[in-house]
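Encoded as structure tokens, the structure appears first; notes follow it.
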Amino acid sequence: MRKLTEESSLHQDLDKMSTSELLKAMNEEDQKVAIAVHEAIPQIEKTVDTIWRKMKEGGRLFYIGAGTSGRLGILDASECPPTFGVPHDWVIGIISGGDGAIRRAVEFAEDDENQAWKDLKSYQIDTSDFVIGIAASGTTPYVIGGLKKCQTKGIATACICCNPNSKLSEFADFPIEVLLGPEFVTGSTRLKAGTAQKLILNMISTSVMIKLGRVKGNRMVDMQLSNNKLVDRGTKMVMAKTNLSYDQAKKILLEKGSVREAIDTANN
């Protein structure tokens, strides 16, 4: 397997570059990410459609990963409830080493091929669910072991990685391989690889939630009203869909606790 993520940077003598040269060179590499993600859209589409069908019937979406990949999965999962108003157990992010690894690396946690399945089993995972393994290299034992076990149990899987024909892809029903070439700092996959993973996770969770009806038009009508900024945004959404003044819209929004319900109530 060719490990693009470990190949030497295309940029030399970084420590001798000026600030401007560093920023321009990094930006040059970053521009390759969106193009590479675009190439993977057919694989992402298949993944989204399968997740949507499973979640429509009550299934859940799990992300498993180590290091940066694990943190990105947790980030995406944690943003679904406030953005789309869904329960916290609809999308679940799991990182090798446990929650403590979100802030501080846990040594060798990613090397345990059996731990991911133990972590998944704690959620009573079954064939109604879907698991995405996230690993830039496609070689992380924690993630490979998790997907491998899922397949033996009939649980649908996908992966997001940045090397071609990776070991991880062998155990993914829907392999998503985004080929970005070497990192700006050799081997530092929190850069282009991390950006690509974040883009793809955005695409997957947002598309699934839209297809599940959690967006109306282009509005987050089920978002949680957890601060004044979101209350103001929600009030303006209600105003845009009704004949209410700002104060009237805000009053009914706070009474109902939901943009969707406030609009439905005002229009009925």
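In the structure tokens, chains take letters A, B, ... by order of appearance, with residues numbered from 1 within each chain and ligands from 1 in the order shown.
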(message) Give me the residues near stretch 23-25 of chain A as a PyMOL selection string, where near means some atom within 10 Å (using only C-alpha atoms) and where sequence neighbours in that chain fewer than 5 positions away do not count.
(response) chain A and resi 10-11+14+17-18+30+184
Sorted by chain and rising residue number, which residues of stretch 123-242 of chain A lie within 9 Å of stretch 114-117 of chain A, and what are their closest atom pairs and distances in Å to one decimal, counting only C-alpha atoms, as a Markdown table?
```
| residue | atom | partner | partner_atom | distance |
| --- | --- | --- | --- | --- |
| A:Pro141 | CA | A:Asn114 | CA | 8.4 |
| A:Tyr142 | CA | A:Ala116 | CA | 5.7 |
| A:Val143 | CA | A:Ala116 | CA | 6.6 |
| A:Ile144 | CA | A:Ala116 | CA | 8.7 |
| A:Gly145 | CA | A:Asn114 | CA | 5.9 |
| A:Gly146 | CA | A:Ala116 | CA | 4.8 |
| A:Leu147 | CA | A:Trp117 | CA | 8.2 |
| A:Lys149 | CA | A:Trp117 | CA | 6.6 |
| A:Cys150 | CA | A:Trp117 | CA | 7.6 |
```
(request) Excluding stretch 95-111 of chain A and any residue of its chain fewer than 2 positions from it, enumerate the residues within 12 Å of it, using only C-alpha atoms, and give them as a PyMOL selection string. (result) chain A and resi 62-75+77+92-93+113-120+133-135+139-146
(request) Extract the full set of strand (DSSP E or B) residues from stretch 145-248 of chain A according to DSSP on the backbone, and format it as a ChimeraX atom specification. (result) /A:156-161,174-177,216,219
(request) From a DSSP pass on the backbone, collect the residues of stretch 54-266 of chain A flagged as alpha helix (DSSP H) and hand them back as a ChimeraX atom specification. (result) /A:54-56,67-84,115-121,141-152,192-211,228-241,246-256,259-266
Deliver the residues from the most recent selection as a file, using C-alpha atoms, as an mmCIF file, in the first residue's frame.
```
data_model
loop_
_atom_site.group_PDB
_atom_site.id
_atom_site.type_symbol
_atom_site.label_atom_id
_atom_site.label_comp_id
_atom_site.auth_asym_id
_atom_site.auth_seq_id
_atom_site.Cartn_x
_atom_site.Cartn_y
_atom_site.Cartn_z
ATOM 1 C CA LYS A 54 -30.940 3.191 8.560
ATOM 2 C CA MET A 55 -31.544 6.277 10.687
ATOM 3 C CA LYS A 56 -35.026 6.694 9.232
ATOM 4 C CA GLY A 67 -6.085 11.204 17.630
ATOM 5 C CA THR A 68 -7.134 13.979 15.269
ATOM 6 C CA SER A 69 -9.483 11.638 13.398
ATOM 7 C CA GLY A 70 -11.250 10.663 16.611
ATOM 8 C CA ARG A 71 -11.545 14.274 17.722
ATOM 9 C CA LEU A 72 -13.088 15.278 14.399
ATOM 10 C CA GLY A 73 -15.687 12.534 14.735
ATOM 11 C CA ILE A 74 -16.568 13.678 18.245
ATOM 12 C CA LEU A 75 -16.783 17.277 17.053
ATOM 13 C CA ASP A 76 -19.215 16.409 14.279
ATOM 14 C CA ALA A 77 -21.334 14.204 16.536
ATOM 15 C CA SER A 78 -21.483 16.838 19.284
ATOM 16 C CA GLU A 79 -22.685 19.512 16.858
ATOM 17 C CA CYS A 80 -25.682 17.546 15.576
ATOM 18 C CA PRO A 81 -27.974 18.057 18.618
ATOM 19 C CA PRO A 82 -27.651 21.872 18.807
ATOM 20 C CA THR A 83 -27.758 22.312 15.029
ATOM 21 C CA PHE A 84 -30.559 19.909 14.173
ATOM 22 C CA GLN A 115 -10.829 -1.969 22.027
ATOM 23 C CA ALA A 116 -13.064 -0.284 19.435
ATOM 24 C CA TRP A 117 -15.496 -3.193 19.448
ATOM 25 C CA LYS A 118 -15.597 -3.094 23.264
ATOM 26 C CA ASP A 119 -16.356 0.628 23.068
ATOM 27 C CA LEU A 120 -19.094 0.078 20.487
ATOM 28 C CA LYS A 121 -20.638 -2.804 22.467
ATOM 29 C CA PRO A 141 -5.375 -0.849 14.438
ATOM 30 C CA TYR A 142 -8.110 0.541 16.715
ATOM 31 C CA VAL A 143 -10.215 1.603 13.738
ATOM 32 C CA ILE A 144 -9.428 -1.422 11.562
ATOM 33 C CA GLY A 145 -10.328 -3.793 14.380
ATOM 34 C CA GLY A 146 -13.611 -1.984 14.982
ATOM 35 C CA LEU A 147 -14.752 -2.141 11.364
ATOM 36 C CA LYS A 148 -13.562 -5.728 10.954
ATOM 37 C CA LYS A 149 -15.657 -6.846 13.925
ATOM 38 C CA CYS A 150 -18.647 -4.835 12.725
ATOM 39 C CA GLN A 151 -18.575 -6.642 9.393
ATOM 40 C CA THR A 152 -18.595 -10.042 11.106
ATOM 41 C CA LYS A 192 -4.790 18.452 4.698
ATOM 42 C CA ALA A 193 -6.065 15.062 5.829
ATOM 43 C CA GLY A 194 -7.815 16.590 8.837
ATOM 44 C CA THR A 195 -9.371 19.276 6.654
ATOM 45 C CA ALA A 196 -10.640 16.672 4.190
ATOM 46 C CA GLN A 197 -12.086 14.546 6.982
ATOM 47 C CA LYS A 198 -13.882 17.572 8.451
ATOM 48 C CA LEU A 199 -15.355 18.470 5.058
ATOM 49 C CA ILE A 200 -16.601 14.929 4.487
ATOM 50 C CA LEU A 201 -18.082 14.621 7.966
ATOM 51 C CA ASN A 202 -19.873 17.939 7.398
ATOM 52 C CA MET A 203 -21.250 16.607 4.121
ATOM 53 C CA ILE A 204 -22.385 13.298 5.584
ATOM 54 C CA SER A 205 -24.109 14.503 8.759
ATOM 55 C CA THR A 206 -25.664 17.591 7.170
ATOM 56 C CA SER A 207 -27.014 15.690 4.166
ATOM 57 C CA VAL A 208 -28.413 12.931 6.370
ATOM 58 C CA MET A 209 -30.131 15.425 8.669
ATOM 59 C CA ILE A 210 -31.634 17.307 5.731
ATOM 60 C CA LYS A 211 -32.965 14.042 4.308
ATOM 61 C CA ASN A 228 -29.309 34.880 22.802
ATOM 62 C CA LYS A 229 -27.764 34.785 19.334
ATOM 63 C CA LEU A 230 -29.742 31.657 18.433
ATOM 64 C CA VAL A 231 -32.941 33.064 19.932
ATOM 65 C CA ASP A 232 -32.478 36.148 17.746
ATOM 66 C CA ARG A 233 -31.794 34.003 14.682
ATOM 67 C CA GLY A 234 -34.820 31.845 15.430
ATOM 68 C CA THR A 235 -37.019 34.905 15.914
ATOM 69 C CA LYS A 236 -36.047 36.215 12.503
ATOM 70 C CA MET A 237 -36.783 32.807 10.959
ATOM 71 C CA VAL A 238 -40.272 32.916 12.445
ATOM 72 C CA MET A 239 -40.778 36.486 11.173
ATOM 73 C CA ALA A 240 -39.711 35.452 7.661
ATOM 74 C CA LYS A 241 -42.385 32.746 7.544
ATOM 75 C CA TYR A 246 -40.122 40.762 16.117
ATOM 76 C CA ASP A 247 -41.557 40.871 19.635
ATOM 77 C CA GLN A 248 -44.512 38.655 18.690
ATOM 78 C CA ALA A 249 -42.260 36.153 16.940
ATOM 79 C CA LYS A 250 -39.851 36.029 19.877
ATOM 80 C CA LYS A 251 -42.681 35.529 22.359
ATOM 81 C CA ILE A 252 -44.185 32.590 20.513
ATOM 82 C CA LEU A 253 -40.728 31.115 19.837
ATOM 83 C CA LEU A 254 -39.848 31.116 23.520
ATOM 84 C CA GLU A 255 -43.256 29.675 24.386
ATOM 85 C CA LYS A 256 -42.912 26.810 21.920
ATOM 86 C CA VAL A 259 -38.709 27.472 15.316
ATOM 87 C CA ARG A 260 -40.686 24.755 13.570
ATOM 88 C CA GLU A 261 -43.462 24.718 16.166
ATOM 89 C CA ALA A 262 -43.568 28.504 16.392
ATOM 90 C CA ILE A 263 -44.068 28.818 12.622
ATOM 91 C CA ASP A 264 -46.675 26.057 12.522
ATOM 92 C CA THR A 265 -48.594 27.601 15.420
ATOM 93 C CA ALA A 266 -48.505 31.120 13.946
#
```
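With only C-alpha atoms as the atoms that count, the minimum distance from A:Gly138 to the choices A:Val185, A:Val33, A:Val48, A:Leu4 is reached by A:Leu4.
Across the model, the gap from atom CA of A:Glu39 to atom CA of A:Asn218 is 25.2 Å.
Coordinates place atom CA of A:Leu212 at a distance of 9.1 Å from atom CA of A:Arg53.
We find atom CA of A:Lys46 and atom CA of A:Asp129 to be spaced 15.6 Å apart.
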(message) Using only C-alpha atoms, can you tell me which of A:Ser128, A:Thr186, A:Ser137, A:Asn27 comes closest to A:Cys162?
(response) A:Ser137
(message) Here is a test: counting only C-alpha atoms, which residue of A:Val178, A:Ala156, A:Ile51, A:Val86 is nearest to A:Lys32?
(response) A:Val178
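When only C-alpha atoms are used to compute distances to A:Asp222, the closest of the residues A:Pro164, A:Gly257, A:Gly187, A:Pro175 turns out to be A:Gly257.
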